[in-house]
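Next comes model.cif, with mmCIF, C-alpha atoms.
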data_start
loop_
_atom_site.label_atom_id
_atom_site.label_comp_id
_atom_site.auth_asym_id
_atom_site.auth_seq_id
_atom_site.Cartn_x
_atom_site.Cartn_y
_atom_site.Cartn_z
CA MET S 1 115.30 95.48 103.48
CA ARG S 2 112.41 96.00 101.10
CA PRO S 3 112.55 94.34 97.70
CA LYS S 4 112.91 96.93 94.98
CA GLY S 5 110.88 97.12 91.81
CA PHE S 6 108.01 95.12 93.26
CA PRO S 7 105.07 97.46 92.86
CA ALA S 8 101.78 96.44 94.44
CA ALA S 9 100.20 96.38 91.00
CA GLY S 10 102.54 93.63 89.84
CA ILE S 11 101.56 91.23 92.59
CA GLY S 12 98.17 90.52 91.08
CA ILE S 13 99.83 88.79 88.14
CA ALA S 14 101.90 86.62 90.45
CA PHE S 15 98.70 85.25 91.93
CA GLY S 16 97.73 83.76 88.61
CA PHE S 17 100.62 81.33 88.86
CA GLY S 18 99.26 79.61 91.89
CA PHE S 19 99.63 79.45 95.57
CA ALA S 20 103.23 78.25 95.62
CA LEU S 21 104.34 81.44 93.96
CA LEU S 22 102.07 83.44 96.21
CA ALA S 23 103.87 82.00 99.19
CA GLY S 24 107.13 82.86 97.50
CA ALA S 25 106.01 86.41 96.85
CA ALA S 26 104.86 86.77 100.42
CA GLY S 27 108.21 85.47 101.59
CA ALA S 28 110.01 88.00 99.42
CA GLN S 29 108.07 90.74 101.17
CA THR S 30 109.12 91.83 104.60
CA ALA S 31 107.49 89.59 107.21
CA PRO S 32 104.28 90.92 108.79
CA PRO S 33 105.16 93.55 111.37
CA ALA S 34 105.11 92.67 115.06
CA ARG S 35 102.34 94.30 117.07
CA ASP S 36 104.78 95.82 119.54
CA ASP S 37 106.83 97.39 116.75
CA ILE S 38 103.72 99.11 115.43
CA ILE S 39 102.83 100.31 118.92
CA ALA S 40 106.36 101.62 119.48
CA LYS S 41 106.10 103.71 116.31
CA LEU S 42 102.72 105.18 117.23
CA ASN S 43 102.64 105.71 120.99
CA HIS S 44 104.92 108.73 121.33
CA PHE S 45 102.26 111.31 120.79
CA GLU S 46 103.12 114.97 121.36
CA GLU S 47 100.41 117.31 120.17
CA ASP S 48 97.26 117.19 118.09
CA ALA S 49 97.84 117.62 114.39
CA GLU S 50 95.72 120.35 112.95
CA VAL S 51 94.62 118.80 109.72
CA ASP S 52 91.52 119.90 107.88
CA LEU S 53 90.83 116.63 106.13
CA PRO S 54 88.00 117.74 103.80
CA GLU S 55 90.21 120.65 102.75
CA LEU S 56 93.22 118.40 102.25
CA LYS S 57 91.17 115.95 100.19
CA GLN S 58 90.12 118.79 97.95
CA GLN S 59 93.69 120.05 97.63
CA VAL S 60 94.92 116.59 96.66
CA MET S 61 92.31 116.23 93.92
CA GLN S 62 92.88 119.76 92.65
CA ARG S 63 96.64 119.38 92.47
CA ALA S 64 96.43 115.91 90.94
CA LYS S 65 94.15 117.25 88.23
CA ALA S 66 96.18 120.41 87.57
CA ARG S 67 97.87 120.87 84.20
CA ILE S 68 101.23 119.19 83.87
CA ARG S 69 103.05 122.36 82.80
CA ASN S 70 102.98 123.49 86.42
CA ASP S 71 104.45 120.26 87.69
CA PRO S 72 108.13 120.45 88.61
CA GLY S 73 108.35 116.68 88.09
CA PRO S 74 107.86 114.04 90.74
CA VAL S 75 111.30 114.47 92.28
CA ASN S 76 110.77 118.19 92.92
CA ARG S 77 107.07 118.01 93.70
CA PRO S 78 106.55 119.56 97.12
CA LEU S 79 104.68 117.57 99.77
CA ILE S 80 101.03 118.52 99.81
CA ALA S 81 100.77 118.19 103.59
CA PRO S 82 104.27 118.65 105.08
CA ASP S 83 102.80 118.70 108.59
CA LEU S 84 101.72 115.07 108.26
CA ALA S 85 105.34 114.07 107.74
CA LYS S 86 106.06 115.13 111.34
CA LEU S 87 103.50 112.84 112.98
CA PRO S 88 104.40 109.51 114.59
CA ALA S 89 104.13 107.08 111.70
CA PHE S 90 103.99 103.40 110.99
CA ASN S 91 104.61 102.73 107.30
CA VAL S 92 103.73 99.39 105.80
CA GLN S 93 103.39 97.71 102.42
CA ILE S 94 99.86 96.39 101.96
CA GLN S 95 99.37 94.27 98.84
CA PHE S 96 96.27 95.28 96.92
CA ASP S 97 94.86 93.83 93.71
CA ALA S 98 95.98 96.04 90.81
CA ASP S 99 93.98 99.26 90.51
CA THR S 100 91.52 98.19 93.22
CA PRO S 101 91.12 98.67 96.96
CA ILE S 102 91.04 94.88 97.48
CA ILE S 103 93.55 93.67 100.05
CA GLN S 104 95.33 90.48 99.03
CA PRO S 105 95.51 87.52 101.43
CA ALA S 106 99.28 88.00 101.62
CA SER S 107 98.55 91.16 103.66
CA TYR S 108 95.76 89.84 105.89
CA GLN S 109 98.11 89.15 108.75
CA THR S 110 99.58 92.62 108.50
CA VAL S 111 96.13 94.19 108.71
CA GLY S 112 95.36 91.95 111.70
CA ARG S 113 98.55 93.11 113.41
CA ILE S 114 97.60 96.74 112.83
CA ALA S 115 94.24 95.99 114.50
CA ASP S 116 96.08 94.29 117.39
CA ALA S 117 98.22 97.40 117.82
CA LEU S 118 95.26 99.79 117.73
CA VAL S 119 93.45 98.03 120.60
CA HIS S 120 96.54 98.08 122.82
CA SER S 121 96.10 100.16 125.96
CA SER S 122 99.03 102.46 125.21
CA VAL S 123 97.46 103.82 122.01
CA LEU S 124 93.83 103.55 123.07
CA PRO S 125 93.54 107.28 123.87
CA TYR S 126 94.55 108.34 120.35
CA THR S 127 93.02 108.87 116.95
CA PHE S 128 94.81 107.94 113.74
CA LEU S 129 95.02 108.91 110.12
CA ILE S 130 95.11 106.10 107.61
CA VAL S 131 97.05 107.54 104.72
CA GLY S 132 97.03 105.98 101.27
CA HIS S 133 99.84 106.63 98.79
CA VAL S 134 100.54 105.42 95.27
CA GLU S 135 103.95 105.39 93.63
CA SER S 136 104.45 107.25 90.36
CA ASN S 137 103.41 104.93 87.53
CA SER S 138 101.77 104.95 84.12
CA LYS S 139 98.43 106.09 85.56
CA THR S 140 97.40 109.71 85.86
CA ARG S 141 97.97 111.50 89.14
CA GLU S 142 94.23 111.97 89.40
CA ALA S 143 93.58 108.23 89.07
CA ASN S 144 96.23 107.54 91.70
CA ALA S 145 94.76 110.13 94.07
CA ILE S 146 91.37 108.44 93.78
CA LEU S 147 92.86 104.96 94.14
CA SER S 148 94.82 105.91 97.26
CA GLN S 149 91.68 107.30 98.87
CA ARG S 150 89.72 104.12 98.08
CA ARG S 151 92.51 102.00 99.55
CA ALA S 152 92.71 104.07 102.72
CA ASP S 153 88.90 103.81 102.99
CA ALA S 154 89.10 100.03 102.51
CA VAL S 155 91.65 99.56 105.28
CA ARG S 156 89.58 101.75 107.59
CA ASP S 157 86.47 99.70 106.74
CA VAL S 158 88.19 96.41 107.56
CA LEU S 159 89.54 97.78 110.85
CA VAL S 160 86.09 99.07 111.80
CA ASN S 161 83.87 96.26 110.47
CA THR S 162 86.00 93.21 111.16
CA PHE S 163 87.97 94.22 114.24
CA LYS S 164 85.49 96.76 115.63
CA ILE S 165 88.01 99.55 116.08
CA ALA S 166 85.95 102.64 116.91
CA SER S 167 85.38 104.53 113.67
CA LYS S 168 85.84 107.86 115.46
CA ARG S 169 89.48 106.89 116.03
CA LEU S 170 90.25 106.35 112.33
CA GLN S 171 90.25 108.87 109.50
CA PRO S 172 91.24 107.74 106.01
CA ILE S 173 92.91 110.09 103.53
CA GLY S 174 94.41 109.34 100.13
CA LEU S 175 97.37 111.45 99.02
CA GLY S 176 98.02 109.70 95.71
CA GLU S 177 101.37 110.84 94.31
CA GLU S 178 101.19 114.16 96.12
CA GLN S 179 103.22 113.19 99.20
CA PHE S 180 106.06 110.87 98.27
CA LEU S 181 107.70 109.04 101.15
CA ASP S 182 110.88 108.80 99.10
CA ARG S 183 110.97 111.76 96.72
CA ALA S 184 114.28 110.77 95.17
CA ARG S 185 112.72 107.58 93.78
CA PRO S 186 109.12 108.37 92.77
CA THR S 187 108.49 104.97 91.18
CA SER S 188 109.81 103.00 94.15
CA ALA S 189 107.36 100.69 95.92
CA VAL S 190 108.22 102.60 99.12
CA ASN S 191 105.99 105.35 97.78
CA GLY S 192 103.03 102.97 97.61
CA GLN S 193 103.12 102.24 101.33
CA LEU S 194 100.18 102.79 103.62
CA GLN S 195 100.77 104.95 106.67
CA ILE S 196 99.15 104.93 110.07
CA LEU S 197 99.74 108.30 111.74
CA THR S 198 98.95 109.23 115.33
CA SER S 199 96.98 112.42 114.85
CA ALA S 200 95.21 113.44 118.04
CA LYS S 201 94.11 112.56 121.52
CA LEU S 202 90.49 111.54 121.93
CA PRO S 203 88.64 114.30 123.77
CA GLU S 204 88.84 113.64 127.53
CA GLU S 205 85.19 114.02 128.41
CA ALA S 206 83.25 113.21 125.29
CA PRO S 207 79.70 113.28 126.66
CA ALA S 208 79.77 115.35 129.82
CA HIS S 209 77.23 114.06 132.29
CA PRO S 210 76.75 116.72 134.92
CA VAL S 211 74.25 115.44 137.46
CA ALA S 212 72.13 118.57 137.19
CA ALA S 213 72.01 118.52 133.38
CA PRO S 214 68.45 118.43 132.11
CA ALA S 215 67.56 115.43 129.99
CA PRO S 216 67.11 117.23 126.65
CA ALA S 217 70.57 118.79 126.90
CA ALA S 218 72.10 115.36 127.41
CA LYS S 219 70.31 114.05 124.36
CA LYS S 220 71.49 116.73 121.94
CA PRO S 221 75.11 115.62 121.50
CA ALA S 222 73.92 112.09 120.85
CA ARG S 223 71.75 113.32 117.99
CA LYS S 224 74.69 115.11 116.43
CA ARG S 225 76.60 111.85 116.06
CA MET T 1 82.40 61.54 149.50
CA VAL T 2 80.21 61.04 146.49
CA ARG T 3 79.23 64.66 146.43
CA GLY T 4 82.88 65.62 146.70
CA SER T 5 83.91 63.55 143.72
CA VAL T 6 80.96 64.85 141.69
CA THR T 7 82.14 68.37 142.38
CA LEU T 8 85.63 67.37 141.35
CA ILE T 9 84.39 65.88 138.09
CA LEU T 10 82.34 68.96 137.39
CA LEU T 11 85.37 71.12 138.06
CA THR T 12 87.59 69.14 135.71
CA LEU T 13 84.86 69.31 133.10
CA ALA T 14 84.70 73.06 133.53
CA MET T 15 88.47 73.53 133.18
CA PRO T 16 88.77 72.99 129.43
CA SER T 17 86.02 75.51 128.77
CA LEU T 18 87.82 78.01 130.96
CA SER T 19 91.05 77.66 129.05
CA ALA T 20 89.12 77.73 125.77
CA ALA T 21 87.96 81.21 126.66
CA GLU T 22 91.48 82.48 125.97
CA THR T 23 91.58 84.41 122.74
CA ILE T 24 94.17 84.65 120.00
CA SER T 25 95.43 87.82 118.35
CA PHE T 26 93.81 89.31 115.26
CA GLY T 27 97.12 88.94 113.45
CA ASP T 28 97.25 85.20 114.13
CA SER T 29 93.61 84.69 113.10
CA MET T 30 94.15 86.59 109.88
CA GLY T 31 97.41 84.77 109.23
CA LYS T 32 95.61 81.46 109.61
CA LEU T 33 92.81 82.57 107.30
CA ALA T 34 95.29 83.63 104.64
CA ALA T 35 97.42 80.50 104.99
CA SER T 36 94.45 78.12 104.81
CA CYS T 37 92.24 79.98 102.36
CA GLY T 38 94.47 82.42 100.45
CA ALA T 39 94.28 80.49 97.19
CA GLU T 40 90.52 79.95 97.53
CA ILE T 41 89.91 83.60 98.24
CA VAL T 42 91.91 84.62 95.17
CA ALA T 43 90.10 82.05 93.01
CA ASN T 44 86.54 82.44 94.30
CA CYS T 45 86.26 85.69 96.21
CA ARG T 46 88.16 88.12 94.02
CA GLY T 47 86.99 91.62 94.80
CA VAL T 48 86.00 90.81 98.38
CA ASN T 49 87.90 92.42 101.22
CA PRO T 50 88.53 90.57 104.51
CA ASP T 51 85.31 91.88 105.94
CA SER T 52 84.02 89.42 108.52
CA THR T 53 80.54 89.43 106.98
CA ARG T 54 81.20 89.51 103.26
CA LEU T 55 84.25 87.29 103.05
CA LYS T 56 82.65 84.72 105.34
CA GLU T 57 79.57 84.76 103.14
CA CYS T 58 81.63 84.29 100.00
CA LEU T 59 83.58 81.37 101.43
CA SER T 60 80.36 79.77 102.69
CA ARG T 61 78.80 80.14 99.25
CA ASN T 62 81.80 78.36 97.76
CA ARG T 63 82.02 75.63 100.38
CA ASP T 64 81.85 72.91 97.74
CA VAL T 65 85.09 73.95 96.07
CA LEU T 66 87.12 74.83 99.15
CA SER T 67 90.11 72.73 100.11
CA GLN T 68 89.62 70.63 103.22
CA GLN T 69 92.09 72.81 105.08
CA CYS T 70 90.26 76.00 104.22
CA ALA T 71 86.81 74.57 104.89
CA SER T 72 87.87 73.44 108.35
CA ASP T 73 89.71 76.66 109.23
CA TYR T 74 87.83 79.68 107.95
CA LEU T 75 84.91 79.63 110.36
CA ALA T 76 87.31 79.06 113.25
CA ALA T 77 89.35 82.07 112.15
CA PHE T 78 86.32 84.35 111.99
CA ASP T 79 85.07 82.95 115.32
CA ALA T 80 88.42 83.70 116.91
CA ILE T 81 88.21 87.30 115.73
CA GLN T 82 84.67 87.54 117.03
CA LYS T 83 85.72 86.12 120.39
CA ARG T 84 88.49 88.65 120.83
CA VAL T 85 86.14 91.49 119.98
CA ALA T 86 83.52 90.14 122.38
CA ALA T 87 86.15 89.91 125.11
CA ARG T 88 86.12 93.71 125.34
CA ILE T 89 82.59 93.56 126.69
CA THR T 90 83.65 90.97 129.24
CA VAL T 91 86.15 93.49 130.62
CA ALA T 92 83.31 95.76 131.71
CA ASN T 93 81.92 92.96 133.88
CA ALA T 94 85.11 91.36 135.09
CA CYS T 95 86.66 94.72 135.99
CA GLN T 96 83.59 96.57 137.23
CA ARG T 97 84.97 97.08 140.73
CA GLU T 98 88.42 98.14 139.47
CA ILE T 99 87.03 100.52 136.86
CA VAL T 100 84.83 102.33 139.35
CA LYS T 101 86.86 102.09 142.57
CA ILE T 102 90.45 102.24 141.37
CA CYS T 103 90.23 104.07 138.06
CA GLY T 104 87.33 106.37 138.84
CA GLY T 105 85.78 105.48 135.51
CA SER T 106 82.50 104.10 134.29
CA THR T 107 81.70 100.71 132.79
CA LYS T 108 79.78 102.58 130.11
CA GLN T 109 83.11 103.81 128.79
CA THR T 110 85.34 100.90 129.64
CA SER T 111 87.97 101.75 127.04
CA ARG T 112 88.82 104.99 128.85
CA SER T 113 89.74 103.03 131.98
CA ILE T 114 91.91 100.48 130.19
CA PRO T 115 95.20 102.42 130.42
CA CYS T 116 94.57 102.78 134.18
CA LEU T 117 93.75 99.08 134.61
CA VAL T 118 96.89 98.06 132.76
CA SER T 119 99.22 100.46 134.56
CA THR T 120 97.92 99.89 138.10
CA PRO T 121 100.37 97.47 139.74
CA LYS T 122 98.17 96.33 142.65
CA GLY T 123 94.55 95.62 143.46
CA ILE T 124 93.44 94.37 140.05
CA SER T 125 91.81 90.95 140.32
CA ASN T 126 93.13 88.04 138.30
CA ASN T 127 89.74 87.72 136.68
CA CYS T 128 89.96 91.30 135.48
CA LEU T 129 93.53 90.91 134.23
CA LYS T 130 92.54 87.80 132.30
CA ALA T 131 89.69 89.69 130.66
CA VAL T 132 92.09 92.51 129.78
CA ASP T 133 94.45 89.98 128.16
CA ASP T 134 91.64 88.24 126.29
CA ALA T 135 90.63 91.56 124.76
CA GLY T 136 94.23 92.19 123.66
CA TYR T 137 94.61 95.35 125.71
CA ARG T 138 98.05 94.39 127.06
#
Here is a file; write its structure as structure tokens.
Amino acid sequence: MRPKGFPAAGIGIAFGFGFALLAGAAGAQTAPPARDDIIAKLNHFEEDAEVDLPELKQQVMQRAKARIRNDPGPVNRPLIAPDLAKLPAFNVQIQFDADTPIIQPASYQTVGRIADALVHSSVLPYTFLIVGHVESNSKTREANAILSQRRADAVRDVLVNTFKIASKRLQPIGLGEEQFLDRARPTSAVNGQLQILTSAKLPEEAPAHPVAAPAPAAKKPARKR
Amino acid sequence: MVRGSVTLILLTLAMPSLSAAETISFGDSMGKLAASCGAEIVANCRGVNPDSTRLKECLSRNRDVLSQQCASDYLAAFDAIQKRVAARITVANACQREIVKICGGSTKQTSRSIPCLVSTPKGISNNCLKAVDDAGYR
């Protein structure tokens, strides 16, 4: 399955040794996911997740900054947003440069496949959360919370700017070390995966256009955006 | 006779451009970009994400030091991405009748009619289906 002990941060060093090793490193990773596998993970939507993202962002930062004496240790640390764990999820390892939100070429194809999946008709009616995580490492939890948010933002930006996925369908959130995917092994690379979660259905009738609606009323919602 | 053969020649000339309109997936374009330019990006564009504007700019700036493979492939890769994105707009034209008549939608919000276009077994023109495929909706 997934190679162990191969944290995203370590990959940056491998690049220094040249392209041959890069190819080797990429080969050691799981192959880029197939579009249809991503779709299959995301298209069984049931009900809208009620997530207050600004609130959750604040909670993540607060908890990551909190004094260590309250921390039960990574293995016993409760999930900060247990509800998110119930959403349809596609988890994937994206290789970033160490401590930055820069996606490495080894993961370009993966990001392209995610974009391919998101334009497919079967998931077109949905909105998604892009969730960044960082495995437990030598950095502070606060630094990892910030890093995971920047990485989630970066992936959203690429999907929106390069592949023109509608930005209203994508919401990035970084959970740092506050929501381990594998709590038993906090330092495992599994906990540094990026998640795409199906979070809600796009509102059916976004701009209602009743024939009788006066012009100013029709303009108002547009101004809000 | 002559007119007939002229038409035929014109048609054969038009064929390659028709088939060239077919798009390739984002994943394949990005895979090609990484395979051809991965080393160059790491060496010359460190700190730049695969943003179609910024990464293209960076590679163009460094044209002199790019490998032949990368120099010949990177613009094609970005063009291919651009083409597939642009194909979504083509759907609004190619499927106008289907969107309005069959799906009860509007070409102003084409994406809302896509699931209907894809799941309707009959009455969708080949032209429309091709546009849907080019945009990567199926």
Exercise. Counting all atoms listed in the file, what is within 9 Å of Ile81 in chain T, bar same-chain residues fewer than 3 positions away, as JSON, numbers by chain?
Worked result: {"S": [162, 163], "T": [23, 24, 25, 26, 29, 30, 52, 76, 77, 78, 84, 85, 86]}
What does the file look like for those residues with C-alpha atoms, as an mmCIF file, keeping the file's coordinate frame?
data_model
loop_
_atom_site.group_PDB
_atom_site.id
_atom_site.type_symbol
_atom_site.label_atom_id
_atom_site.label_comp_id
_atom_site.auth_asym_id
_atom_site.auth_seq_id
_atom_site.Cartn_x
_atom_site.Cartn_y
_atom_site.Cartn_z
ATOM 1 C CA THR S 162 86.000 93.210 111.160
ATOM 2 C CA PHE S 163 87.970 94.220 114.240
ATOM 3 C CA THR T 23 91.580 84.410 122.740
ATOM 4 C CA ILE T 24 94.170 84.650 120.000
ATOM 5 C CA SER T 25 95.430 87.820 118.350
ATOM 6 C CA PHE T 26 93.810 89.310 115.260
ATOM 7 C CA SER T 29 93.610 84.690 113.100
ATOM 8 C CA MET T 30 94.150 86.590 109.880
ATOM 9 C CA SER T 52 84.020 89.420 108.520
ATOM 10 C CA ALA T 76 87.310 79.060 113.250
ATOM 11 C CA ALA T 77 89.350 82.070 112.150
ATOM 12 C CA PHE T 78 86.320 84.350 111.990
ATOM 13 C CA ARG T 84 88.490 88.650 120.830
ATOM 14 C CA VAL T 85 86.140 91.490 119.980
ATOM 15 C CA ALA T 86 83.520 90.140 122.380
#
Exercise. Could you spell out the hits of the PyMOL selection byres ((chain S) within 9 of (chain T)) on the shown file, as a ChimeraX atom specification?
Worked result: /S:15-16,18-19,22-23,32,34-35,97,100-117,119-125,154,157-159,161-164,204
Exercise. Which of these, S:Ala81, S:Leu197, S:Val60, S:Leu129, has the shortest distance to Arg141 in chain S once you count only C-alpha atoms?
Worked result: S:Val60
For this session: To one decimal in Å, tell me the separation between CA of Leu56 in chain S and CA of Leu147 in chain S.
Result: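 Straight-line distance from CA of Leu56 in chain S to CA of Leu147 in chain S works out to 15.7 Å.
Residues in contact with range 176-185 of chain S at 7 Å, where only C-alpha atoms are counted and same-chain residues fewer than 6 positions away are skipped, are listed as Val60, Val75, Leu79, Ile80, Gly132, His133, Val134, Glu135, Ser136, Arg141, Asn144, Ala145, Ser148 and Asn191 of chain S.
Closest approach to Ala92 in chain T from the set T:Gly105, T:Asn126, T:Asp79, T:Tyr74 is made by T:Gly105, with distances taken over all atoms listed in the file.
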Exercise. Interatomic distance between CA of Phe128 in chain S and CA of Leu175 in chain S?
Worked result: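 Here the two named atoms are 15.3 Å from each other.
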Seminar exercise, completed: Expressed in Å, the length from CA of Ala200 in chain S to CA of Pro88 in chain S is 10.6 Å
Exercise. Taking the file as shown, what set of residues would the PyMOL selection byres ((chain S and resi 45-48) around 9) give back, as a list in words?
Worked result: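 Evaluating the PyMOL selection byres ((chain S and resi 45-48) around 9) on this file yields Leu42, Asn43, His44, Ala49, Glu50, Val51, Leu87, Pro88, Val123, Tyr126, Thr198, Ser199, Ala200 and Lys201 of chain S.
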For this session: For Lys130 in chain T, please output as a ChimeraX atom specification all residues within 10 Å (counting all atoms listed in the file; exclusion window: fewer than 4 positions along the same chain).
Result: /T:21-22,87,90-91,94-95,125-126,134-136
Problem set entry | T:Ile89, T:Ser72, T:Asn44, T:Thr107 ranked by distance to Leu59 in chain T, top pick (using all atoms listed in the file) | T:Asn44
